[in-house]
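Asks: Before anything else, here's the structure in question.
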Amino acid sequence: MYKDKEYLGEKQVRSEQLESQLYEFLASLLHSLNQRIDRRLVSTFMGLVISILLHRHCNHGLLLSELGGYLLGAEHCRAGTKRLSNLLHSEKWKAGLLSSFLWKRSTRRVEEIRATGELPLVIWDESVLEKPESLKAERLCAVRSSKAHRLKRIKPGYFNPPGGRPIFVPGFNWLQILVIGRQGSPTLAHFGWWTTRGKHKSSKRKKERRVLRKIDRLWGKDILHIWDRGFAGNPWLTMAFTHAACFIMRWPKAYQLLDENGDFRKPGELSKGKRSWEHRMLWDARKRCERKVGIIAFPVFDATHHQSLWLVVARRKGQSPWYLLTTQSIRSSEDAWQIIFAYARRWQVEMTIRYTKTELAFESPRLARWQHRKKLLLIATLVYAFLLSLLSPTMDALRKWLLRTFCHRTGKRSRETPAPLYRLRFAISLFWFSHPPPFLSFL
């Protein structure tokens with residue numbers, strides 16, 4: 001009996017430790033909120049963050065009516081929902097306050113990476129939030145459905161896949177940016193949503209241009225941008241050259257470049273007949289296996305401005321090569337490998353999109369007003385940023401204890417997962433259900 005009490009006491013201490021870690025993570029933001037709104041709304045803000053951590057549902061994860069029950073208990077669900085509504089509808093604070101908090105954290109991360117002598121990697125990616133059943137929400141526009149695109153893929157062993165043109169549904173365009181080093185977990189820098197219709201309509205390049213200017217102002221030129229094929233082409237290359245940005249860009253195989261003789265040729269034609277400099281066995285994070293990869297690099301020029309660039313080609317057996325266009329000079333095979341390794345880190349942003357759409361239910365809010373929806377999405381983004389902070393080496397002991405005690409798994413894949421965010425949130429949810437943090441009792 002004495003041992004049971006001691007064990008329960010240890011769990012309560014761990015619960016308070018985890019809550020303290022969350023409060024420390026949000027301390028500067030809570031201080032800024034406290035200067036703008038009533039302290040009761042600040043308490044509701046903290047309670048909402050904890051409620052999002054507790055409530056795991058891919059379709060209803062961000063519904064206020066359900067989060068209200070987690071905030072004050074099932075018997076007082078209506079009162080909890082009213083509190084959350086008052087928080088999001090308050091005109092005394094704006095969503096920009098949360099965006100500024102993310103930019104400040106990412107700036108500190110950039111400085112930490114530079115202090116180690118590395119070049120910070122800034123990973124860009126685009127996506128969409130789909131709301132196929134919505135019509136009344138503000139700033140809805142037509143977005144290409146990625147879900148429909150996945151369903152239309154040909155599956156081995158099946159037949160008659162649906163064809164036709166891409167399917168567009170109501171939704172919002174989405175731009176996200178991460179800061180990351182050669183190793184370690186990413187840091188969220190920017191989560192932004194925009195529309196192509198109505199009074200507040202914007203274009204993709206206009207939105208991205210504003211973000212690029214802000215990055216220049218905050219972090220300077222001593223960073224390396226990582227861009228996927230969606231950024232390839234003359235408009236964005238012109239913007240990159242104008243800002244003197246250092247970058248790695250995945251170049252489409254159908255787009256032409258100038259060779260040293262001034263001829264327009266596709267990347268495959270440029271690399272044809274050239275033997276790889278070196279081969280290595282590299283881990284494929286997507287397929288979860290090792291693949292033999294060969295590399296080669298040579299100078300090229302863009303078709304419009306004739307700027308000198310390097311094209312690094314990564315050849316993978318059974319798959320299309322990577323054609324990586326970069327401003328970095330390639331003097332040896334090791335320089336080329338560093339470009340490959342840097343671009344491979346871009347997979348982190350794909351994991352971020354998948355996690356926020358599924359685990360954090362970014363497509364579930366049912367708020368008609370744009371500003372209210374944006375506040376809720378950014379609060380959920382803070383939850384994801386907090387989970388990423390728990391992957392820090394300083395949190396190894398707490399993280400391993402949570403996974404071992406509340407989310408034990410015996411499968412090989414679970415044991416080898418380097419960043420188990422899904423299991424980590426599940427463990428925190430079960431932990432705080434059985435041992436609620438003192439803050440929820442205070443509410």
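Each chain in the structure tokens gets a letter, A, B and so on, in the order shown; residues start at 1 in every chain, and ligands are counted from 1 in the order they appear.
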Within 12 Å of A:Arg144, counting only C-alpha atoms, which residues show up once you throw out same-chain ones fewer than 4 positions away? Write them as a list of chain:residue names, please.
Replies: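 That gives A:Glu126, A:Ser127, A:Val128, A:Leu129, A:Glu130, A:Lys131, A:Pro132, A:Ala148, A:His149, A:Arg150, A:Arg165, A:Pro166, A:Ile167, A:Phe168, A:Val169, A:Pro170, A:Gly171, A:Phe172, A:Asn173, A:Trp174.
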Asks: Excluding same-chain residues fewer than 2 positions from stretch 215-224 of chain A, what lies within 6 Å of it counting only C-alpha atoms, as a PyMOL selection string?
Replies: chain A and resi 119-121+212-213+246-247
Asks: Output N, CA, C and O atoms for every residue in that selection, as a JSON list (two decimals), in the first residue's frame.
Replies:
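Output saved as selection-v5.json:
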[["chain", "number", "residue", "atom", "x", "y", "z"],
["A", 119, "LEU", "N", 24.97, 26.01, -41.09],
["A", 119, "LEU", "CA", 24.12, 26.92, -41.84],
["A", 119, "LEU", "C", 22.67, 26.53, -41.60],
["A", 119, "LEU", "O", 22.27, 25.40, -41.90],
["A", 120, "PRO", "N", 21.84, 27.41, -41.04],
["A", 120, "PRO", "CA", 20.43, 27.07, -40.80],
["A", 120, "PRO", "C", 19.70, 26.75, -42.10],
["A", 120, "PRO", "O", 19.89, 27.43, -43.11],
["A", 121, "LEU", "N", 18.86, 25.73, -42.07],
["A", 121, "LEU", "CA", 18.05, 25.36, -43.22],
["A", 121, "LEU", "C", 16.63, 25.89, -43.01],
["A", 121, "LEU", "O", 16.03, 25.64, -41.96],
["A", 212, "LEU", "N", 9.37, 36.08, -47.67],
["A", 212, "LEU", "CA", 10.80, 36.12, -47.98],
["A", 212, "LEU", "C", 11.42, 37.43, -47.52],
["A", 212, "LEU", "O", 12.54, 37.45, -46.98],
["A", 213, "ARG", "N", 10.70, 38.53, -47.68],
["A", 213, "ARG", "CA", 11.21, 39.82, -47.20],
["A", 213, "ARG", "C", 11.34, 39.83, -45.69],
["A", 213, "ARG", "O", 12.32, 40.37, -45.14],
["A", 246, "CYS", "N", 20.44, 32.29, -50.87],
["A", 246, "CYS", "CA", 21.10, 31.01, -51.07],
["A", 246, "CYS", "C", 20.03, 29.92, -50.98],
["A", 246, "CYS", "O", 19.25, 29.91, -50.03],
["A", 247, "PHE", "N", 20.01, 29.00, -51.94],
["A", 247, "PHE", "CA", 18.90, 28.05, -51.96],
["A", 247, "PHE", "C", 19.31, 26.72, -52.56],
["A", 247, "PHE", "O", 20.32, 26.59, -53.27]]
Asks: Of the candidates A:His435, A:Lys253, A:Arg366, A:Arg39, which shows the shortest atom-to-atom distance to A:Ser15, using only C-alpha atoms?
Replies: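 Of A:His435, A:Lys253, A:Arg366, A:Arg39, the one nearest A:Ser15 is A:His435, counting only C-alpha atoms.
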Asks: Counting only C-alpha atoms, which of A:Leu48, A:Cys289, A:Leu54, A:Leu87 gets nearest to A:Phe426?
Replies: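 When distances to A:Phe426 are compared using only C-alpha atoms, the smallest one comes from A:Leu54.
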Asks: Which one of A:Glu66, A:Phe231, A:Val300, A:His31 sits closest to A:Asn261 if you count only C-alpha atoms?
Replies: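 Going through A:Glu66, A:Phe231, A:Val300, A:His31 one by one, the smallest distance to A:Asn261 is for A:Val300.
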Asks: Between A:Met351, A:Leu63, A:Ala368, A:Met281, which residue has the minimum interatomic distance to A:Leu388, considering only C-alpha atoms?
Replies: A:Met351
Asks: Skip A:Asn34 itself and residues of its chain fewer than 3 positions away, then list as a ChimeraX atom specification all residues within 12 Å of it, counting only C-alpha atoms.
Replies: /A:27-31,37-46,92-93
Asks: Please list as a list in words every residue within 6 Å of stretch 189-198 of chain A, counting only C-alpha atoms and excluding residues in the same chain fewer than 2 positions away.
Replies: Leu102, Trp103, Ser106, Arg139, Cys141, Phe172, Asn173, Trp174, Leu175, Gln176, Ile177, Leu178, His200, Lys201 and Ser202 of chain A
Asks: Can you pull out the residues contacting stretch 390-392 of chain A? Cut-off 12 Å, using only C-alpha atoms, and skip same-chain residues under 2 positions away; I want them as a PDB file with N, CA, C and O atoms, in the first residue's frame.
Replies:
ATOM      1  N   LEU A  18       5.427  18.290 -16.221  1.00  0.00           N
ATOM      2  CA  LEU A  18       5.039  18.482 -17.614  1.00  0.00           C
ATOM      3  C   LEU A  18       4.247  19.776 -17.786  1.00  0.00           C
ATOM      4  O   LEU A  18       4.435  20.512 -18.762  1.00  0.00           O
ATOM      5  N   GLN A  21       6.599  22.616 -17.737  1.00  0.00           N
ATOM      6  CA  GLN A  21       7.297  22.721 -19.015  1.00  0.00           C
ATOM      7  C   GLN A  21       6.443  23.440 -20.046  1.00  0.00           C
ATOM      8  O   GLN A  21       6.937  24.275 -20.816  1.00  0.00           O
ATOM      9  N   LEU A  22       5.133  23.149 -20.064  1.00  0.00           N
ATOM     10  CA  LEU A  22       4.227  23.826 -20.977  1.00  0.00           C
ATOM     11  C   LEU A  22       4.117  25.307 -20.639  1.00  0.00           C
ATOM     12  O   LEU A  22       4.126  26.164 -21.536  1.00  0.00           O
ATOM     13  N   PHE A  25       7.193  27.082 -21.731  1.00  0.00           N
ATOM     14  CA  PHE A  25       7.209  27.230 -23.186  1.00  0.00           C
ATOM     15  C   PHE A  25       6.367  28.428 -23.626  1.00  0.00           C
ATOM     16  O   PHE A  25       6.736  29.157 -24.561  1.00  0.00           O
ATOM     17  N   GLN A 183      20.866  18.234 -37.976  1.00  0.00           N
ATOM     18  CA  GLN A 183      20.312  17.217 -37.105  1.00  0.00           C
ATOM     19  C   GLN A 183      19.307  17.875 -36.162  1.00  0.00           C
ATOM     20  O   GLN A 183      19.260  19.089 -36.034  1.00  0.00           O
ATOM     21  N   GLY A 184      18.518  17.041 -35.499  1.00  0.00           N
ATOM     22  CA  GLY A 184      17.574  17.560 -34.518  1.00  0.00           C
ATOM     23  C   GLY A 184      16.194  17.804 -35.102  1.00  0.00           C
ATOM     24  O   GLY A 184      15.955  17.672 -36.306  1.00  0.00           O
ATOM     25  N   SER A 185      15.278  18.164 -34.213  1.00  0.00           N
ATOM     26  CA  SER A 185      13.888  18.385 -34.609  1.00  0.00           C
ATOM     27  C   SER A 185      13.709  19.779 -35.205  1.00  0.00           C
ATOM     28  O   SER A 185      14.488  20.693 -34.917  1.00  0.00           O
ATOM     29  N   PRO A 186      12.670  19.982 -36.031  1.00  0.00           N
ATOM     30  CA  PRO A 186      12.423  21.294 -36.625  1.00  0.00           C
ATOM     31  C   PRO A 186      11.770  22.260 -35.644  1.00  0.00           C
ATOM     32  O   PRO A 186      11.216  21.861 -34.618  1.00  0.00           O
ATOM     33  N   THR A 187      11.831  23.534 -35.985  1.00  0.00           N
ATOM     34  CA  THR A 187      11.158  24.590 -35.237  1.00  0.00           C
ATOM     35  C   THR A 187      10.208  25.319 -36.176  1.00  0.00           C
ATOM     36  O   THR A 187      10.603  25.716 -37.278  1.00  0.00           O
ATOM     37  N   VAL A 383       0.431  23.957 -29.888  1.00  0.00           N
ATOM     38  CA  VAL A 383       0.469  22.612 -29.316  1.00  0.00           C
ATOM     39  C   VAL A 383       1.498  21.766 -30.050  1.00  0.00           C
ATOM     40  O   VAL A 383       2.290  21.044 -29.430  1.00  0.00           O
ATOM     41  N   TYR A 384       1.509  21.857 -31.371  1.00  0.00           N
ATOM     42  CA  TYR A 384       2.490  21.096 -32.145  1.00  0.00           C
ATOM     43  C   TYR A 384       3.908  21.566 -31.842  1.00  0.00           C
ATOM     44  O   TYR A 384       4.833  20.747 -31.711  1.00  0.00           O
ATOM     45  N   ALA A 385       4.091  22.877 -31.731  1.00  0.00           N
ATOM     46  CA  ALA A 385       5.415  23.412 -31.403  1.00  0.00           C
ATOM     47  C   ALA A 385       5.879  22.922 -30.032  1.00  0.00           C
ATOM     48  O   ALA A 385       7.067  22.628 -29.833  1.00  0.00           O
ATOM     49  N   PHE A 386       4.954  22.824 -29.081  1.00  0.00           N
ATOM     50  CA  PHE A 386       5.312  22.315 -27.750  1.00  0.00           C
ATOM     51  C   PHE A 386       5.725  20.854 -27.815  1.00  0.00           C
ATOM     52  O   PHE A 386       6.704  20.443 -27.173  1.00  0.00           O
ATOM     53  N   LEU A 387       5.013  20.046 -28.577  1.00  0.00           N
ATOM     54  CA  LEU A 387       5.374  18.635 -28.721  1.00  0.00           C
ATOM     55  C   LEU A 387       6.767  18.501 -29.342  1.00  0.00           C
ATOM     56  O   LEU A 387       7.552  17.635 -28.942  1.00  0.00           O
ATOM     57  N   LEU A 388       7.086  19.364 -30.310  1.00  0.00           N
ATOM     58  CA  LEU A 388       8.423  19.341 -30.896  1.00  0.00           C
ATOM     59  C   LEU A 388       9.480  19.696 -29.864  1.00  0.00           C
ATOM     60  O   LEU A 388      10.582  19.137 -29.868  1.00  0.00           O
ATOM     61  N   THR A 394      17.306  17.545 -23.639  1.00  0.00           N
ATOM     62  CA  THR A 394      17.117  17.838 -22.220  1.00  0.00           C
ATOM     63  C   THR A 394      15.845  17.219 -21.663  1.00  0.00           C
ATOM     64  O   THR A 394      15.694  17.107 -20.449  1.00  0.00           O
ATOM     65  N   MET A 395      14.927  16.814 -22.554  1.00  0.00           N
ATOM     66  CA  MET A 395      13.660  16.219 -22.119  1.00  0.00           C
ATOM     67  C   MET A 395      13.638  14.703 -22.320  1.00  0.00           C
ATOM     68  O   MET A 395      12.572  14.089 -22.274  1.00  0.00           O
ATOM     69  N   ASP A 396      14.801  14.112 -22.526  1.00  0.00           N
ATOM     70  CA  ASP A 396      14.863  12.671 -22.804  1.00  0.00           C
ATOM     71  C   ASP A 396      14.236  11.844 -21.686  1.00  0.00           C
ATOM     72  O   ASP A 396      13.467  10.908 -21.941  1.00  0.00           O
ATOM     73  N   ALA A 397      14.567  12.177 -20.447  1.00  0.00           N
ATOM     74  CA  ALA A 397      14.102  11.363 -19.320  1.00  0.00           C
ATOM     75  C   ALA A 397      12.576  11.388 -19.211  1.00  0.00           C
ATOM     76  O   ALA A 397      11.932  10.341 -19.094  1.00  0.00           O
ATOM     77  N   LEU A 398      11.977  12.575 -19.271  1.00  0.00           N
ATOM     78  CA  LEU A 398      10.525  12.694 -19.176  1.00  0.00           C
ATOM     79  C   LEU A 398       9.840  12.042 -20.366  1.00  0.00           C
ATOM     80  O   LEU A 398       8.848  11.328 -20.200  1.00  0.00           O
ATOM     81  N   ARG A 399      10.383  12.258 -21.555  1.00  0.00           N
ATOM     82  CA  ARG A 399       9.759  11.703 -22.759  1.00  0.00           C
ATOM     83  C   ARG A 399       9.788  10.167 -22.733  1.00  0.00           C
ATOM     84  O   ARG A 399       8.776   9.509 -23.015  1.00  0.00           O
ATOM     85  N   LYS A 400      10.927   9.594 -22.388  1.00  0.00           N
ATOM     86  CA  LYS A 400      11.035   8.134 -22.362  1.00  0.00           C
ATOM     87  C   LYS A 400      10.146   7.539 -21.278  1.00  0.00           C
ATOM     88  O   LYS A 400       9.561   6.468 -21.458  1.00  0.00           O
ATOM     89  N   LEU A 402       7.276   8.808 -20.232  1.00  0.00           N
ATOM     90  CA  LEU A 402       5.906   8.883 -20.737  1.00  0.00           C
ATOM     91  C   LEU A 402       5.619   7.762 -21.729  1.00  0.00           C
ATOM     92  O   LEU A 402       4.587   7.082 -21.639  1.00  0.00           O
ATOM     93  N   LEU A 403       6.525   7.545 -22.665  1.00  0.00           N
ATOM     94  CA  LEU A 403       6.311   6.513 -23.686  1.00  0.00           C
ATOM     95  C   LEU A 403       6.324   5.113 -23.076  1.00  0.00           C
ATOM     96  O   LEU A 403       5.556   4.238 -23.470  1.00  0.00           O
ATOM     97  N   PRO A 418      12.330   7.556 -34.678  1.00  0.00           N
ATOM     98  CA  PRO A 418      13.187   8.544 -34.022  1.00  0.00           C
ATOM     99  C   PRO A 418      12.416   9.688 -33.362  1.00  0.00           C
ATOM    100  O   PRO A 418      12.892  10.275 -32.410  1.00  0.00           O
ATOM    101  N   ALA A 419      11.237  10.035 -33.882  1.00  0.00           N
ATOM    102  CA  ALA A 419      10.473  11.163 -33.336  1.00  0.00           C
ATOM    103  C   ALA A 419       9.015  10.753 -33.196  1.00  0.00           C
ATOM    104  O   ALA A 419       8.177  11.075 -34.037  1.00  0.00           O
ATOM    105  N   PRO A 420       8.672  10.032 -32.145  1.00  0.00           N
ATOM    106  CA  PRO A 420       7.322   9.449 -32.026  1.00  0.00           C
ATOM    107  C   PRO A 420       6.288  10.449 -31.536  1.00  0.00           C
ATOM    108  O   PRO A 420       5.745  10.328 -30.438  1.00  0.00           O
ATOM    109  N   LEU A 421       5.973  11.462 -32.353  1.00  0.00           N
ATOM    110  CA  LEU A 421       5.042  12.497 -31.906  1.00  0.00           C
ATOM    111  C   LEU A 421       3.636  11.957 -31.691  1.00  0.00           C
ATOM    112  O   LEU A 421       2.929  12.392 -30.777  1.00  0.00           O
ATOM    113  N   LEU A 424       3.731  10.160 -28.452  1.00  0.00           N
ATOM    114  CA  LEU A 424       3.985  11.105 -27.368  1.00  0.00           C
ATOM    115  C   LEU A 424       2.708  11.845 -26.969  1.00  0.00           C
ATOM    116  O   LEU A 424       2.404  11.983 -25.783  1.00  0.00           O
ATOM    117  N   ARG A 425       1.947  12.301 -27.946  1.00  0.00           N
ATOM    118  CA  ARG A 425       0.705  12.994 -27.608  1.00  0.00           C
ATOM    119  C   ARG A 425      -0.302  12.035 -26.982  1.00  0.00           C
ATOM    120  O   ARG A 425      -1.032  12.390 -26.050  1.00  0.00           O
ATOM    121  N   ILE A 428       0.709  11.601 -23.377  1.00  0.00           N
ATOM    122  CA  ILE A 428       0.366  12.775 -22.566  1.00  0.00           C
ATOM    123  C   ILE A 428      -1.129  12.816 -22.293  1.00  0.00           C
ATOM    124  O   ILE A 428      -1.573  13.130 -21.177  1.00  0.00           O
TER     125      ILE A 428
END
Asks: Looking only at strand (DSSP E) from DSSP on the backbone, list the matching residues of stretch 87-219 of chain A as an MDAnalysis selection string.
Replies: chainID A and resid 121:130 141:144 168:180 187:194
Asks: Counting only C-alpha atoms, what is within 8 Å of A:Ser333, bar same-chain residues fewer than 3 positions away, as JSON, numbers by chain?
Replies: {"A": [277, 278, 295, 296, 330, 336, 337]}
Asks: Just the alpha helix (DSSP H) stuff from stretch 349-440 of chain A, please, per backbone DSSP, written as number ranges by chain.
Replies: A: 349-358, 370-389, 396-406, 412-416, 421-434, 438-440
Asks: Find the distance between atom CA of A:Phe362 and atom CA of A:Val179 and write it in Å to one decimal.
Replies: 21.0 Å
Asks: Nearest to A:Gly294 among A:Val313, A:Ile226, A:Leu33, A:Leu188, with distances taken over only C-alpha atoms: which residue is it?
Replies: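 Distance minimum relative to A:Gly294 lands on A:Val313.
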Asks: Mind checking which residues fall within 12 Å of A:Arg265, counting only C-alpha atoms, ignoring those fewer than 2 positions away in the same chain, and posting them as a list in words?
Replies: Lys253, Ala254, Tyr255, Gln256, Leu257, Leu258, Asp259, Glu260, Asn261, Gly262, Asp263, Pro267, Gly268, Glu269, Leu270, Ser271, Lys272, Val300, Phe301, Asp302 and Ala303 of chain A
